[in-house]
file start-v6.pdb (PDB, C-alpha atoms)
ATOM      1  CA  GLY S 368      -3.057 -17.255   5.981  1.00  0.00           C
ATOM      2  CA  THR S 369       0.626 -17.615   5.340  1.00  0.00           C
ATOM      3  CA  THR S 370       2.232 -18.120   1.978  1.00  0.00           C
ATOM      4  CA  GLY S 371       5.686 -19.289   1.037  1.00  0.00           C
ATOM      5  CA  GLY S 372       6.312 -17.103  -1.974  1.00  0.00           C
ATOM      6  CA  SER S 373       7.663 -13.577  -2.249  1.00  0.00           C
ATOM      7  CA  MET S 374       5.513 -10.558  -2.927  1.00  0.00           C
ATOM      8  CA  LEU S 375       5.195  -9.242  -6.488  1.00  0.00           C
ATOM      9  CA  THR S 376       4.462  -5.659  -7.419  1.00  0.00           C
ATOM     10  CA  ALA S 377       2.780  -4.546 -10.635  1.00  0.00           C
ATOM     11  CA  GLY S 378       1.278  -1.139 -11.310  1.00  0.00           C
ATOM     12  CA  GLY S 379       1.563  -0.084  -7.668  1.00  0.00           C
ATOM     13  CA  ILE S 380      -0.299  -3.172  -6.445  1.00  0.00           C
ATOM     14  CA  LEU S 381       1.305  -5.835  -4.209  1.00  0.00           C
ATOM     15  CA  PHE S 382       0.417  -9.506  -4.785  1.00  0.00           C
ATOM     16  CA  ASP S 383       1.194 -12.586  -2.693  1.00  0.00           C
ATOM     17  CA  ASN S 384       1.387 -16.128  -4.091  1.00  0.00           C
ATOM     18  CA  GLN S 385      -2.361 -16.569  -3.673  1.00  0.00           C
ATOM     19  CA  LEU S 386      -2.754 -13.360  -5.752  1.00  0.00           C
ATOM     20  CA  ARG S 387      -4.332 -11.429  -2.906  1.00  0.00           C
ATOM     21  CA  ALA S 388      -3.880  -7.771  -3.873  1.00  0.00           C
ATOM     22  CA  ALA S 389      -3.102  -4.732  -1.711  1.00  0.00           C
ATOM     23  CA  ASP S 390      -2.494  -1.094  -2.591  1.00  0.00           C
ATOM     24  CA  GLY S 391       1.289  -0.560  -2.508  1.00  0.00           C
ATOM     25  CA  GLN S 392       0.958   2.883  -0.863  1.00  0.00           C
ATOM     26  CA  THR S 393      -1.780   2.336   1.714  1.00  0.00           C
ATOM     27  CA  GLY S 394      -1.790  -1.418   2.243  1.00  0.00           C
ATOM     28  CA  LYS S 395      -5.574  -1.481   1.705  1.00  0.00           C
ATOM     29  CA  MET S 396      -6.760  -4.897   0.502  1.00  0.00           C
ATOM     30  CA  LEU S 397      -8.058  -4.713  -3.065  1.00  0.00           C
ATOM     31  CA  ALA S 398      -8.726  -8.379  -3.860  1.00  0.00           C
ATOM     32  CA  ASP S 399      -8.895 -11.550  -1.807  1.00  0.00           C
ATOM     33  CA  GLY S 400      -7.127 -13.875  -4.239  1.00  0.00           C
ATOM     34  CA  GLY S 401      -7.007 -15.211  -7.750  1.00  0.00           C
ATOM     35  CA  PRO S 402      -9.993 -16.178  -9.903  1.00  0.00           C
ATOM     36  CA  GLN S 403     -12.744 -18.573  -8.839  1.00  0.00           C
ATOM     37  CA  GLY S 404     -11.241 -22.005  -8.279  1.00  0.00           C
ATOM     38  CA  PHE S 405      -7.654 -20.683  -8.193  1.00  0.00           C
ATOM     39  CA  LYS S 406      -5.572 -22.454  -5.604  1.00  0.00           C
ATOM     40  CA  GLY S 407      -2.361 -20.536  -5.081  1.00  0.00           C
ATOM     41  CA  GLY S 408       0.196 -21.281  -2.458  1.00  0.00           C
ATOM     42  CA  GLY S 409       3.110 -23.610  -2.380  1.00  0.00           C
ATOM     43  CA  TYR S 410       6.589 -22.158  -2.330  1.00  0.00           C
ATOM     44  CA  ALA S 411       6.663 -20.404  -5.693  1.00  0.00           C
ATOM     45  CA  SER S 412       6.088 -16.707  -6.194  1.00  0.00           C
ATOM     46  CA  PRO S 413       3.997 -15.421  -9.080  1.00  0.00           C
ATOM     47  CA  ALA S 414       5.942 -13.949 -12.000  1.00  0.00           C
ATOM     48  CA  ILE S 415       5.078 -11.531 -14.777  1.00  0.00           C
ATOM     49  CA  ALA S 416       5.641 -12.517 -18.399  1.00  0.00           C
ATOM     50  CA  GLY S 417       4.631  -9.685 -20.705  1.00  0.00           C
ATOM     51  CA  ASN S 418       1.165  -8.771 -19.477  1.00  0.00           C
ATOM     52  CA  LEU S 419       0.402 -12.155 -17.841  1.00  0.00           C
ATOM     53  CA  PHE S 420       0.750 -13.485 -14.329  1.00  0.00           C
ATOM     54  CA  VAL S 421       2.356 -16.938 -14.434  1.00  0.00           C
ATOM     55  CA  HIS S 422       2.083 -18.948 -11.273  1.00  0.00           C
ATOM     56  CA  PHE S 423       2.791 -22.463 -10.002  1.00  0.00           C
ATOM     57  CA  ARG S 424      -0.072 -23.750  -7.888  1.00  0.00           C
ATOM     58  CA  GLY S 425       1.252 -26.010  -5.172  1.00  0.00           C
ATOM     59  CA  ASN S 426       4.502 -27.911  -5.708  1.00  0.00           C
ATOM     60  CA  GLU S 427       3.670 -30.535  -8.317  1.00  0.00           C
ATOM     61  CA  GLY S 428       4.224 -28.517 -11.510  1.00  0.00           C
ATOM     62  CA  HIS S 429       0.675 -27.211 -12.030  1.00  0.00           C
ATOM     63  CA  VAL S 430       1.048 -23.836 -13.731  1.00  0.00           C
ATOM     64  CA  VAL S 431      -1.576 -21.248 -14.628  1.00  0.00           C
ATOM     65  CA  ALA S 432      -1.396 -18.098 -16.787  1.00  0.00           C
ATOM     66  CA  LEU S 433      -3.739 -15.261 -15.817  1.00  0.00           C
ATOM     67  CA  GLN S 434      -4.608 -12.035 -17.659  1.00  0.00           C
ATOM     68  CA  PRO S 435      -5.141  -9.185 -15.169  1.00  0.00           C
ATOM     69  CA  THR S 436      -8.397  -7.235 -15.634  1.00  0.00           C
ATOM     70  CA  ASN S 437     -10.178  -4.472 -13.719  1.00  0.00           C
ATOM     71  CA  GLY S 438      -7.013  -2.480 -13.083  1.00  0.00           C
ATOM     72  CA  GLY S 439      -5.032  -5.559 -12.047  1.00  0.00           C
ATOM     73  CA  ILE S 440      -7.292  -6.848  -9.268  1.00  0.00           C
ATOM     74  CA  SER S 441      -9.351  -9.342 -11.275  1.00  0.00           C
ATOM     75  CA  TYR S 442      -8.117 -12.135 -13.517  1.00  0.00           C
ATOM     76  CA  GLN S 443      -9.085 -14.226 -16.484  1.00  0.00           C
ATOM     77  CA  ARG S 444      -7.404 -17.603 -16.904  1.00  0.00           C
ATOM     78  CA  VAL S 445      -5.827 -17.782 -20.357  1.00  0.00           C
ATOM     79  CA  GLY S 446      -3.688 -20.921 -20.097  1.00  0.00           C
ATOM     80  CA  GLY S 447      -2.141 -23.534 -17.889  1.00  0.00           C
ATOM     81  CA  GLY S 448      -1.198 -27.142 -17.491  1.00  0.00           C
ATOM     82  CA  THR S 449       1.272 -29.382 -15.716  1.00  0.00           C
ATOM     83  CA  LEU S 450       5.014 -29.357 -16.351  1.00  0.00           C
ATOM     84  CA  ARG S 451       6.629 -32.774 -16.650  1.00  0.00           C
ATOM     85  CA  LYS S 452       9.989 -34.042 -17.816  1.00  0.00           C
ATOM     86  CA  PRO S 453      10.056 -34.413 -21.625  1.00  0.00           C
ATOM     87  CA  ASP S 454       9.891 -38.216 -21.373  1.00  0.00           C
ATOM     88  CA  GLY S 455       7.188 -38.080 -18.661  1.00  0.00           C
ATOM     89  CA  LYS S 456       9.194 -40.419 -16.408  1.00  0.00           C
ATOM     90  CA  ARG S 457      10.489 -39.859 -12.921  1.00  0.00           C
ATOM     91  CA  ASP S 458      14.211 -39.307 -12.539  1.00  0.00           C
ATOM     92  CA  PRO S 459      15.803 -42.465 -11.056  1.00  0.00           C
ATOM     93  CA  GLU S 460      18.606 -40.364  -9.547  1.00  0.00           C
ATOM     94  CA  GLY S 461      16.009 -38.213  -7.809  1.00  0.00           C
ATOM     95  CA  GLU S 462      14.260 -41.292  -6.429  1.00  0.00           C
ATOM     96  CA  LYS S 463      17.618 -42.721  -5.284  1.00  0.00           C
ATOM     97  CA  TYR S 464      18.446 -39.422  -3.538  1.00  0.00           C
ATOM     98  CA  LYS S 465      15.044 -39.324  -1.826  1.00  0.00           C
ATOM     99  CA  LYS S 466      15.556 -42.881  -0.467  1.00  0.00           C
ATOM    100  CA  GLU S 467      19.043 -41.937   0.748  1.00  0.00           C
ATOM    101  CA  LEU S 468      17.694 -38.886   2.590  1.00  0.00           C
ATOM    102  CA  ARG S 469      14.988 -40.977   4.256  1.00  0.00           C
ATOM    103  CA  ALA S 470      17.581 -43.561   5.368  1.00  0.00           C
ATOM    104  CA  ARG S 471      19.805 -40.805   6.826  1.00  0.00           C
ATOM    105  CA  ALA S 472      16.854 -39.321   8.698  1.00  0.00           C
ATOM    106  CA  GLU S 473      15.824 -42.727  10.056  1.00  0.00           C
ATOM    107  CA  ARG S 474      19.398 -43.327  11.323  1.00  0.00           C
ATOM    108  CA  ALA S 475      19.379 -39.902  13.003  1.00  0.00           C
ATOM    109  CA  VAL S 476      16.098 -40.799  14.762  1.00  0.00           C
ATOM    110  CA  LYS S 477      17.618 -44.057  16.037  1.00  0.00           C
ATOM    111  CA  GLN S 478      20.656 -42.131  17.315  1.00  0.00           C
ATOM    112  CA  GLY S 479      18.413 -39.638  19.098  1.00  0.00           C
ATOM    113  CA  LEU S 480      19.501 -36.716  16.893  1.00  0.00           C
ATOM    114  CA  LEU S 481      16.016 -36.153  15.399  1.00  0.00           C
ATOM    115  CA  PRO S 482      12.645 -36.671  17.118  1.00  0.00           C
ATOM    116  CA  TYR S 483      10.986 -38.109  13.967  1.00  0.00           C
ATOM    117  CA  VAL S 484      11.417 -38.488  10.199  1.00  0.00           C
ATOM    118  CA  ASP S 485       9.937 -35.484   8.401  1.00  0.00           C
ATOM    119  CA  LEU S 486      10.023 -36.298   4.671  1.00  0.00           C
ATOM    120  CA  PRO S 487       6.414 -35.994   3.453  1.00  0.00           C
ATOM    121  CA  LYS S 488       5.393 -38.556   0.857  1.00  0.00           C
ATOM    122  CA  ALA S 489       2.875 -36.143  -0.712  1.00  0.00           C
ATOM    123  CA  HIS S 490       5.606 -33.970  -2.246  1.00  0.00           C
ATOM    124  CA  GLY S 491       6.091 -36.108  -5.347  1.00  0.00           C
ATOM    125  CA  SER S 492       9.490 -37.279  -6.436  1.00  0.00           C
ATOM    126  CA  TRP S 493      12.459 -35.072  -5.674  1.00  0.00           C
ATOM    127  CA  ALA S 494      13.038 -34.860  -9.405  1.00  0.00           C
ATOM    128  CA  ASP S 495       9.674 -33.367 -10.391  1.00  0.00           C
ATOM    129  CA  THR S 496       8.743 -31.268  -7.357  1.00  0.00           C
ATOM    130  CA  TYR S 497       8.753 -27.552  -8.097  1.00  0.00           C
ATOM    131  CA  GLY S 498       9.757 -25.329  -5.203  1.00  0.00           C
ATOM    132  CA  SER S 499      10.947 -22.404  -7.265  1.00  0.00           C
ATOM    133  CA  SER S 500       9.392 -19.457  -9.016  1.00  0.00           C
ATOM    134  CA  PRO S 501       9.457 -19.256 -12.818  1.00  0.00           C
ATOM    135  CA  VAL S 502      11.962 -16.800 -14.285  1.00  0.00           C
ATOM    136  CA  PHE S 503      11.553 -15.291 -17.739  1.00  0.00           C
ATOM    137  CA  HIS S 504      14.239 -14.015 -20.085  1.00  0.00           C
ATOM    138  CA  GLY S 505      13.286 -13.144 -23.634  1.00  0.00           C
ATOM    139  CA  ASP S 506      11.122 -15.941 -25.000  1.00  0.00           C
ATOM    140  CA  ARG S 507      12.340 -18.514 -22.481  1.00  0.00           C
ATOM    141  CA  MET S 508      11.045 -19.638 -19.099  1.00  0.00           C
ATOM    142  CA  TYR S 509      13.415 -21.191 -16.588  1.00  0.00           C
ATOM    143  CA  VAL S 510      12.169 -23.352 -13.752  1.00  0.00           C
ATOM    144  CA  ARG S 511      14.095 -25.313 -11.139  1.00  0.00           C
ATOM    145  CA  THR S 512      13.018 -28.607  -9.630  1.00  0.00           C
ATOM    146  CA  ARG S 513      14.778 -30.225  -6.722  1.00  0.00           C
ATOM    147  CA  MET S 514      17.094 -32.081  -9.112  1.00  0.00           C
ATOM    148  CA  ALA S 515      17.258 -30.080 -12.356  1.00  0.00           C
ATOM    149  CA  LEU S 516      17.018 -26.687 -14.034  1.00  0.00           C
ATOM    150  CA  TYR S 517      14.758 -26.590 -17.094  1.00  0.00           C
ATOM    151  CA  CYS S 518      14.626 -24.052 -19.908  1.00  0.00           C
ATOM    152  CA  ILE S 519      11.348 -23.907 -21.819  1.00  0.00           C
ATOM    153  CA  GLY S 520      11.299 -21.961 -25.072  1.00  0.00           C
ATOM    154  CA  ARG S 521      13.001 -21.733 -28.401  1.00  0.00           C
TER
END

call {"tool": "encode", "arguments": {"input": "start-v6.pdb", "output": "structure tokens"}}
result
Amino acid sequence: GTTGGSMLTAGGILFDNQLRAADGQTGKMLADGGPQGFKGGGYASPAIAGNLFVHFRGNEGHVVALQPTNGGISYQRVGGGTLRKPDGKRDPEGEKYKKELRARAERAVKQGLLPYVDLPKAHGSWADTYGSSPVFHGDRMYVRTRMALYCIGR
């Protein structure tokens, strides 16, 4: 299958965003994905924070932290959750922007410039949809949504 994220290398092993593992020298498949029940994918790439894999599953802010075992080709889930804005509310500017984009696309369809409107409703609000990979610096994690850049840490 195809994935949207970039490859990650750790200890000579290559990982995709579904955490399928391949030997970095030979390309031989070592593991067929993350732990039981792990649903990788989306646009984000996995990241390494210390000795953990941190990965967004899908595009709605679901994040999981995995401890590699068995030489890096097995995993144990050690944390996770869902990232939300501090107040838990959707960003009205993001919703306004999403409506504006839909209106522009609908006008382009009427003018014959686009064959159809392609703005999926299942992607959440444009304010809280995560299409980026987490980045770590010191004791902080940075993550970008479609409308904001968040810093999580001290």

call {"tool": "residues_around", "arguments": {"input": "start-v6.pdb", "residues": "S:Arg507", "least_positions_apart": "4", "cutoff": "12 Å", "atoms": "all atoms listed in the file", "output": "PyMOL selection string"}}
result
chain S and resi 416-417+501-503+517-521

call {"tool": "closest_residue", "arguments": {"input": "start-v6.pdb", "among": "S:Gln434, S:Thr376, S:Ser412, S:Ser500", "to": "S:Asp390", "atoms": "all atoms listed in the file"}}
result
S:Thr376

call {"tool": "atom_distance", "arguments": {"input": "start-v6.pdb", "atom1": "atom CA of S:Ala411", "atom2": "atom CA of S:Asn384"}}
result
7.0 Å

call {"tool": "residues_near_point", "arguments": {"input": "start-v6.pdb", "point": "(-7.3, -9.3, 0.6)", "cutoff": "10 Å", "atoms": "all atoms listed in the file", "output": "list of chain:residue names"}}
result
S:Phe382, S:Asp383, S:Gln385, S:Leu386, S:Arg387, S:Ala388, S:Ala389, S:Gly394, S:Lys395, S:Met396, S:Leu397, S:Ala398, S:Asp399, S:Gly400

call {"tool": "write_last_selection", "arguments": {"input": "start-v6.pdb", "atoms": "C-alpha atoms", "output": "compact mmCIF listing (two decimals), in the frame of the given file"}}
result
# COMPACT_ATOMS: atom_id res chain seq x y z
CA PHE S 382 0.42 -9.51 -4.78
CA ASP S 383 1.19 -12.59 -2.69
CA GLN S 385 -2.36 -16.57 -3.67
CA LEU S 386 -2.75 -13.36 -5.75
CA ARG S 387 -4.33 -11.43 -2.91
CA ALA S 388 -3.88 -7.77 -3.87
CA ALA S 389 -3.10 -4.73 -1.71
CA GLY S 394 -1.79 -1.42 2.24
CA LYS S 395 -5.57 -1.48 1.70
CA MET S 396 -6.76 -4.90 0.50
CA LEU S 397 -8.06 -4.71 -3.06
CA ALA S 398 -8.73 -8.38 -3.86
CA ASP S 399 -8.90 -11.55 -1.81
CA GLY S 400 -7.13 -13.88 -4.24

call {"tool": "closest_residue", "arguments": {"input": "start-v6.pdb", "among": "S:Gly391, S:Gly447, S:Gly379, S:Gly479", "to": "S:Arg424", "atoms": "all atoms listed in the file"}}
result
S:Gly447

call {"tool": "atom_distance", "arguments": {"input": "start-v6.pdb", "atom1": "atom CA of S:Gly428", "atom2": "atom CA of S:Ile440"}}
result
24.6 Å

call {"tool": "residues_around", "arguments": {"input": "start-v6.pdb", "residues": "S:Asn418", "least_positions_apart": "2", "cutoff": "10 Å", "atoms": "only C-alpha atoms", "output": "ChimeraX atom specification"}}
result
/S:377,415-416,420-421,433-435

call {"tool": "atom_distance", "arguments": {"input": "start-v6.pdb", "atom1": "atom CA of S:Met508", "atom2": "atom CA of S:Leu450"}}
result
11.8 Å

call {"tool": "closest_residue", "arguments": {"input": "start-v6.pdb", "among": "S:Glu467, S:Gly372, S:Asn437, S:Val430", "to": "S:Thr449", "atoms": "only C-alpha atoms"}}
result
S:Val430

call {"tool": "closest_residue", "arguments": {"input": "start-v6.pdb", "among": "S:Thr512, S:Leu375, S:His422, S:Arg469", "to": "S:Gly448", "atoms": "all atoms listed in the file"}}
result
S:His422
